Amino acid sequence: MRTIDQFNFKDKKALVRVDFNVPIDNNRVTDNSRIMAAKDTIDKVCNDGGSCILVSHLGRPQAAEKKYSMLNILCEVEAVFNRKVILSKDIIGHDSTSKAKNLKSGQILLLENVRFHKEETQGDIRFAEELSKLADCFINDAFGTAHRAHASTTLVAQFFKDKFFGKCLESEVKSIRKVLKNGEKPVLAILGGAKISTKIPILKNIIKIADHIIIGGGMAFTFAKALGGKIGLSIHEDSMLETAKDILDSSIENNVKIHLPIDVVCSLEFSNSSTRKIFDIMNIDKNFQGMDAGPKSLDLFKNVVLNAKTILWNGPLGVFEFSNFSNGTKMLGKFISKSTKNGAFSLVGGGDSVSAVKKLNIESQMSYVSTGGGAMLESLEGKNLPGISALL
Ligand code: AMP
């Protein structure tokens with residue numbers, strides 16, 4: 001892995017693929033974490049005496065649409081990097097070429113939304129080559145798009161001799177390796193969320209690595225039903241019953257202990273205010289549905305989490321968006337914080353668990369919170385990401 005610390009960027013123009021695909025509401029960036037994540041890389045290049053040409057996408061534009069222009073995030077980028085940022089009106093046109101050419105040491109140029117060109121997502125090699133002509137070297141710091149073989153995330157790398165992992169990408173890759181390749185034992189994976197079908201590839205990969213797996217959230221009910229339980233109206237997938245049994249069998253072969261909830265907080269309806277009652281997961285009333293982990297389950301999970309030395313968390317333990325069913329996810333967050341404080345390595349990755357950690361305000365108590373959704377899920381499935389392979 002060639003990292004930016006191994007290079008002096010003095011007088012070099014670096015094309016930096018960043019992931020500035022941030023949420024915007026009423027012309028305001030509502031979460032700037034992805035911009036913050038690129039700060040160390042940009043500071044290193046500028047402090048060396050180099051300059052940065054930043055390229056990113058924003059949203060899913062069909063063409064050059066004003067609401068997806070980088071102009072919408074320019075102020076936030078300038079505030080985070082604490083310096084003036086030059087914006088180019090195009091990506092590989094006259095404006096970007098002349099602004100890149102005139103870029104001075106320590107300056108930052110932000111290119112317009114790269115997805116304004118359909119060639120980006122089509123992975124067009126000529127477009128990638130034109131983009132590469134703007135700079136002397138390439139840094140990929142966009143983990144969130146590393147699973148896409150797009151022009152600016154993957155193809156462009158082949159036109160550079162000097163290409164590097166940015167600080168954010170380096171941390172993501174190291175954190176994943178710390179769990180999947182050299183995790184200190186016992187290794188625990190916590191998988192929650194709505195559906196087992198979307199987590200099967202992760203489960204199949206993780207079962208070869210983990211010592212313990214906690215299965216929570218909606219996923220747990222398919223397992224409970226496969227084991228002969230009565231799960232009432234709880235979310236489940238009948239088409240996955242055999243798969244669930246296979247996973248349980250495979251856990252025995254791989255010497256992995258799977259922990260399912262013992263009891264669950266159930267509700268008469270899928271709403272925050274409906275009648276609540278706790279049932280054994282194997283014996284839920286026919287009119288109720290499971291919405292959150294119950295107290296006995298949490299006692300069991302606490303024990304497993306506090307004994308783990310490496311923890312991966314993907315997916316909430318219940319319908320955490322409803323305050324009356326967020327306790328399980330909240331408590332799990334606390335257990336992981338405590339375990340991390342005691343020396344365990346904890347990685348939170350993939351969609352809703354990251355939102356949960358942010359909502360609970362415990363981001364800083366985890367060892368690492370991933371910036372990537374799809375890219376993290378594919379990594380946990382054991383896939384090689386094209387954006388990373390292109391740098392090797
Ligand atoms: P995923 O994207 O697969 O990680 O799923 C996250 C979603 O799972 C969240 O929106 C949760 O509300 C939902 N979820 C978790 N537990 C349950 C449950 N017991 N019943 C229904 N949905 C659930």
# chains A, B, ... in the order shown; residues from 1 in each chain; ligands from 1
>>> residues_near_ligand(ligand="ligand 1", cutoff="9 Å", atoms="only C-alpha atoms and all ligand atoms", output="number ranges by chain")
A: 191-199, 216-221, 234-236, 264-266, 270, 289-293, 314-322, 325, 350-353
>>> residues_around(residues="region 175-188 of chain A", least_positions_apart="6", cutoff="8 Å", atoms="only C-alpha atoms", output="list in words")
Ile206, Ile209, Ala210, Asp211, His212, Ile213, Ile214, Val304, Val305, Asn307, Ala308, Lys309, Thr310, Ile311, Leu312, Leu347, Tyr368, Ser379 and Leu380 of chain A
>>> select_by_dssp(residues="region 250-335 of chain A", states="helix (DSSP H, G or I)", output="PyMOL selection string")
chain A and resi 250-253+295-307+323-325+327-335
>>> closest_atom_pairs(of="region 135-191 of chain A", to="region 88-102 of chain A", cutoff="12 Å", atoms="only C-alpha atoms", output="CSV")
residue,atom,partner,partner_atom,distance
A:Ala135,CA,A:Ala100,CA,7.6
A:Asp136,CA,A:Ala100,CA,10.8
A:Ser152,CA,A:Ile91,CA,10.7
>>> residues_around(residues="Arg2 (chain A)", least_positions_apart="4", cutoff="12 Å", atoms="only C-alpha atoms", output="number ranges by chain")
A: 6-7, 138-140, 161-167, 169-170, 388-392
>>> residues_around(residues="Asn26 (chain A)", least_positions_apart="4", cutoff="12 Å", atoms="only C-alpha atoms", output="list in words")
Thr30, Lys67, Asn72 and Ile73 of chain A
>>> select_by_dssp(residues="region 268-318 of chain A", states="strand (DSSP E or B)", output="list in words")
Arg276, Lys277, Ile278, Phe279, Asp280, Asn283, Ile284, Gln289, Gly290, Met291, Asp292, Ala293, Thr310, Ile311, Leu312, Trp313 and Asn314 of chain A
>>> residues_around(residues="His150 (chain A)", least_positions_apart="6", cutoff="6 Å", atoms="only C-alpha atoms", output="ChimeraX atom specification")
/A:120-121,123
>>> residues_around(residues="Ile247 (chain A)", least_positions_apart="2", cutoff="12 Å", atoms="only C-alpha atoms", output="number ranges by chain")
A: 196, 199-208, 213, 215, 222-223, 226-227, 240-245, 249-258
>>> write_last_selection(atoms="N, CA, C and O atoms", output="short mmCIF file (atom, residue, chain, number, x, y, z; two decimals), in the first residue's frame")
data_model
loop_
_atom_site.label_atom_id
_atom_site.label_comp_id
_atom_site.auth_asym_id
_atom_site.auth_seq_id
_atom_site.Cartn_x
_atom_site.Cartn_y
_atom_site.Cartn_z
N ILE A 196 -32.52 -10.69 6.33
CA ILE A 196 -31.39 -11.60 6.26
C ILE A 196 -30.87 -11.70 4.82
O ILE A 196 -29.67 -11.80 4.60
N LYS A 199 -27.94 -9.67 3.94
CA LYS A 199 -26.73 -9.86 4.75
C LYS A 199 -26.10 -11.25 4.55
O LYS A 199 -25.07 -11.54 5.17
N ILE A 200 -26.71 -12.07 3.69
CA ILE A 200 -26.18 -13.44 3.51
C ILE A 200 -24.71 -13.46 3.07
O ILE A 200 -23.90 -14.17 3.68
N PRO A 201 -24.34 -12.66 2.03
CA PRO A 201 -22.93 -12.72 1.61
C PRO A 201 -21.98 -12.33 2.75
O PRO A 201 -20.89 -12.91 2.88
N ILE A 202 -22.39 -11.38 3.60
CA ILE A 202 -21.52 -10.99 4.73
C ILE A 202 -21.45 -12.15 5.73
O ILE A 202 -20.36 -12.54 6.17
N LEU A 203 -22.61 -12.71 6.05
CA LEU A 203 -22.63 -13.83 7.01
C LEU A 203 -21.73 -14.97 6.55
O LEU A 203 -20.97 -15.54 7.33
N LYS A 204 -21.82 -15.29 5.25
CA LYS A 204 -21.02 -16.41 4.72
C LYS A 204 -19.53 -16.14 4.82
O LYS A 204 -18.74 -17.06 5.01
N ASN A 205 -19.14 -14.88 4.66
CA ASN A 205 -17.72 -14.54 4.77
C ASN A 205 -17.28 -14.47 6.23
O ASN A 205 -16.24 -15.01 6.61
N ILE A 206 -18.12 -13.83 7.05
CA ILE A 206 -17.78 -13.59 8.46
C ILE A 206 -17.69 -14.90 9.25
O ILE A 206 -16.91 -15.02 10.19
N ILE A 207 -18.49 -15.86 8.85
CA ILE A 207 -18.53 -17.12 9.60
C ILE A 207 -17.17 -17.83 9.56
O ILE A 207 -16.84 -18.61 10.43
N LYS A 208 -16.38 -17.48 8.54
CA LYS A 208 -15.04 -18.10 8.42
C LYS A 208 -14.03 -17.39 9.33
O LYS A 208 -12.93 -17.87 9.53
N ILE A 213 -21.00 -14.58 16.66
CA ILE A 213 -21.85 -13.70 15.84
C ILE A 213 -23.15 -13.45 16.60
O ILE A 213 -23.82 -14.41 17.01
N ILE A 215 -26.82 -12.13 16.10
CA ILE A 215 -27.78 -11.79 15.05
C ILE A 215 -28.98 -11.13 15.71
O ILE A 215 -29.66 -11.74 16.54
N THR A 222 -36.22 -14.75 11.16
CA THR A 222 -36.13 -15.84 10.17
C THR A 222 -35.38 -17.02 10.81
O THR A 222 -35.76 -18.19 10.62
N PHE A 223 -34.36 -16.72 11.61
CA PHE A 223 -33.63 -17.79 12.30
C PHE A 223 -34.53 -18.47 13.33
O PHE A 223 -34.55 -19.70 13.43
N ALA A 226 -36.91 -20.68 11.59
CA ALA A 226 -36.21 -21.86 11.06
C ALA A 226 -35.97 -22.89 12.17
O ALA A 226 -35.93 -24.09 11.92
N LEU A 227 -35.85 -22.39 13.41
CA LEU A 227 -35.62 -23.30 14.55
C LEU A 227 -36.94 -23.80 15.15
O LEU A 227 -36.95 -24.43 16.21
N MET A 240 -35.93 -17.74 3.00
CA MET A 240 -34.58 -17.82 3.57
C MET A 240 -34.48 -18.83 4.72
O MET A 240 -33.43 -18.90 5.38
N LEU A 241 -35.55 -19.58 4.96
CA LEU A 241 -35.54 -20.49 6.11
C LEU A 241 -34.44 -21.55 5.97
O LEU A 241 -33.72 -21.84 6.93
N GLU A 242 -34.33 -22.11 4.77
CA GLU A 242 -33.30 -23.15 4.55
C GLU A 242 -31.90 -22.55 4.68
O GLU A 242 -31.00 -23.16 5.27
N THR A 243 -31.75 -21.32 4.14
CA THR A 243 -30.44 -20.64 4.23
C THR A 243 -30.08 -20.41 5.70
O THR A 243 -28.92 -20.59 6.09
N ALA A 244 -31.07 -20.01 6.48
CA ALA A 244 -30.81 -19.77 7.91
C ALA A 244 -30.34 -21.07 8.58
O ALA A 244 -29.37 -21.05 9.36
N LYS A 245 -31.00 -22.18 8.24
CA LYS A 245 -30.59 -23.48 8.82
C LYS A 245 -29.16 -23.82 8.38
O LYS A 245 -28.35 -24.30 9.19
N ASP A 249 -25.91 -24.55 10.70
CA ASP A 249 -25.07 -25.76 10.55
C ASP A 249 -23.61 -25.37 10.32
O ASP A 249 -22.69 -25.93 10.92
N SER A 250 -23.43 -24.40 9.42
CA SER A 250 -22.07 -23.99 9.07
C SER A 250 -21.35 -23.38 10.28
O SER A 250 -20.12 -23.51 10.40
N SER A 251 -22.11 -22.75 11.17
CA SER A 251 -21.47 -22.16 12.35
C SER A 251 -20.90 -23.27 13.24
O SER A 251 -19.84 -23.09 13.85
N ILE A 252 -21.58 -24.41 13.27
CA ILE A 252 -21.07 -25.52 14.09
C ILE A 252 -19.77 -26.06 13.47
O ILE A 252 -18.76 -26.23 14.13
N GLU A 253 -19.82 -26.23 12.12
CA GLU A 253 -18.62 -26.73 11.42
C GLU A 253 -17.43 -25.78 11.61
O GLU A 253 -16.29 -26.21 11.72
N ASN A 254 -17.71 -24.47 11.61
CA ASN A 254 -16.63 -23.48 11.73
C ASN A 254 -16.31 -23.10 13.17
O ASN A 254 -15.49 -22.19 13.40
N ASN A 255 -16.98 -23.77 14.10
CA ASN A 255 -16.74 -23.49 15.51
C ASN A 255 -17.03 -22.04 15.90
O ASN A 255 -16.25 -21.41 16.62
N VAL A 256 -18.10 -21.52 15.36
CA VAL A 256 -18.52 -20.14 15.66
C VAL A 256 -19.78 -20.20 16.49
O VAL A 256 -20.70 -20.97 16.17
N LYS A 257 -19.84 -19.38 17.54
CA LYS A 257 -21.04 -19.39 18.37
C LYS A 257 -21.98 -18.29 17.87
O LYS A 257 -21.63 -17.11 17.86
N ILE A 258 -23.17 -18.70 17.43
CA ILE A 258 -24.18 -17.71 17.01
C ILE A 258 -25.10 -17.42 18.19
O ILE A 258 -25.62 -18.34 18.82
#
>>> residues_around(residues="Leu110 (chain A)", least_positions_apart="2", cutoff="10 Å", atoms="only C-alpha atoms", output="list in words")
Leu15, Val16, Cys52, Ile53, Leu54, Val55, Ser56, Met70, Leu71, Leu74, Val77, Val85, Ile86, Leu87, Ser88, Lys89, Asp90, Ile91, Ser96, Lys99, Ala100, Ile108, Glu112 and Asn113 of chain A
>>> write_last_selection(atoms="C-alpha atoms", output="short mmCIF file (atom, residue, chain, number, x, y, z; two decimals), in the first residue's frame")
data_model
loop_
_atom_site.label_atom_id
_atom_site.label_comp_id
_atom_site.auth_asym_id
_atom_site.auth_seq_id
_atom_site.Cartn_x
_atom_site.Cartn_y
_atom_site.Cartn_z
CA LEU A 15 -5.61 14.88 -8.52
CA VAL A 16 -7.48 13.80 -5.38
CA CYS A 52 -4.82 19.72 -4.93
CA ILE A 53 -7.30 19.23 -7.73
CA LEU A 54 -10.35 17.73 -6.06
CA VAL A 55 -12.78 15.58 -8.00
CA SER A 56 -16.02 14.18 -6.59
CA MET A 70 -20.40 21.75 -6.45
CA LEU A 71 -21.22 25.43 -5.94
CA LEU A 74 -18.16 25.29 -1.87
CA VAL A 77 -15.46 22.95 1.79
CA VAL A 85 -11.06 26.97 -2.78
CA ILE A 86 -11.21 27.71 -6.52
CA LEU A 87 -14.18 26.16 -8.36
CA SER A 88 -14.02 25.20 -12.02
CA LYS A 89 -17.15 25.29 -14.16
CA ASP A 90 -16.27 22.07 -15.93
CA ILE A 91 -14.32 18.85 -15.38
CA SER A 96 -10.57 23.27 -15.48
CA LYS A 99 -7.29 26.78 -13.65
CA ALA A 100 -5.31 23.56 -13.06
CA ILE A 108 -7.02 23.92 -3.99
CA GLU A 112 -17.51 20.57 -11.02
CA ASN A 113 -19.57 17.42 -10.29
#
>>> atom_distance(atom1="CA of Ala375 (chain A)", atom2="CA of Phe116 (chain A)")
22.1 Å
>>> atom_distance(atom1="CA of Ile190 (chain A)", atom2="CA of Val348 (chain A)")
9.6 Å
>>> closest_residue(among="A:Leu260, A:Val18, A:Ile231, A:Leu103", to="Asn287 (chain A)", atoms="only C-alpha atoms")
A:Ile231
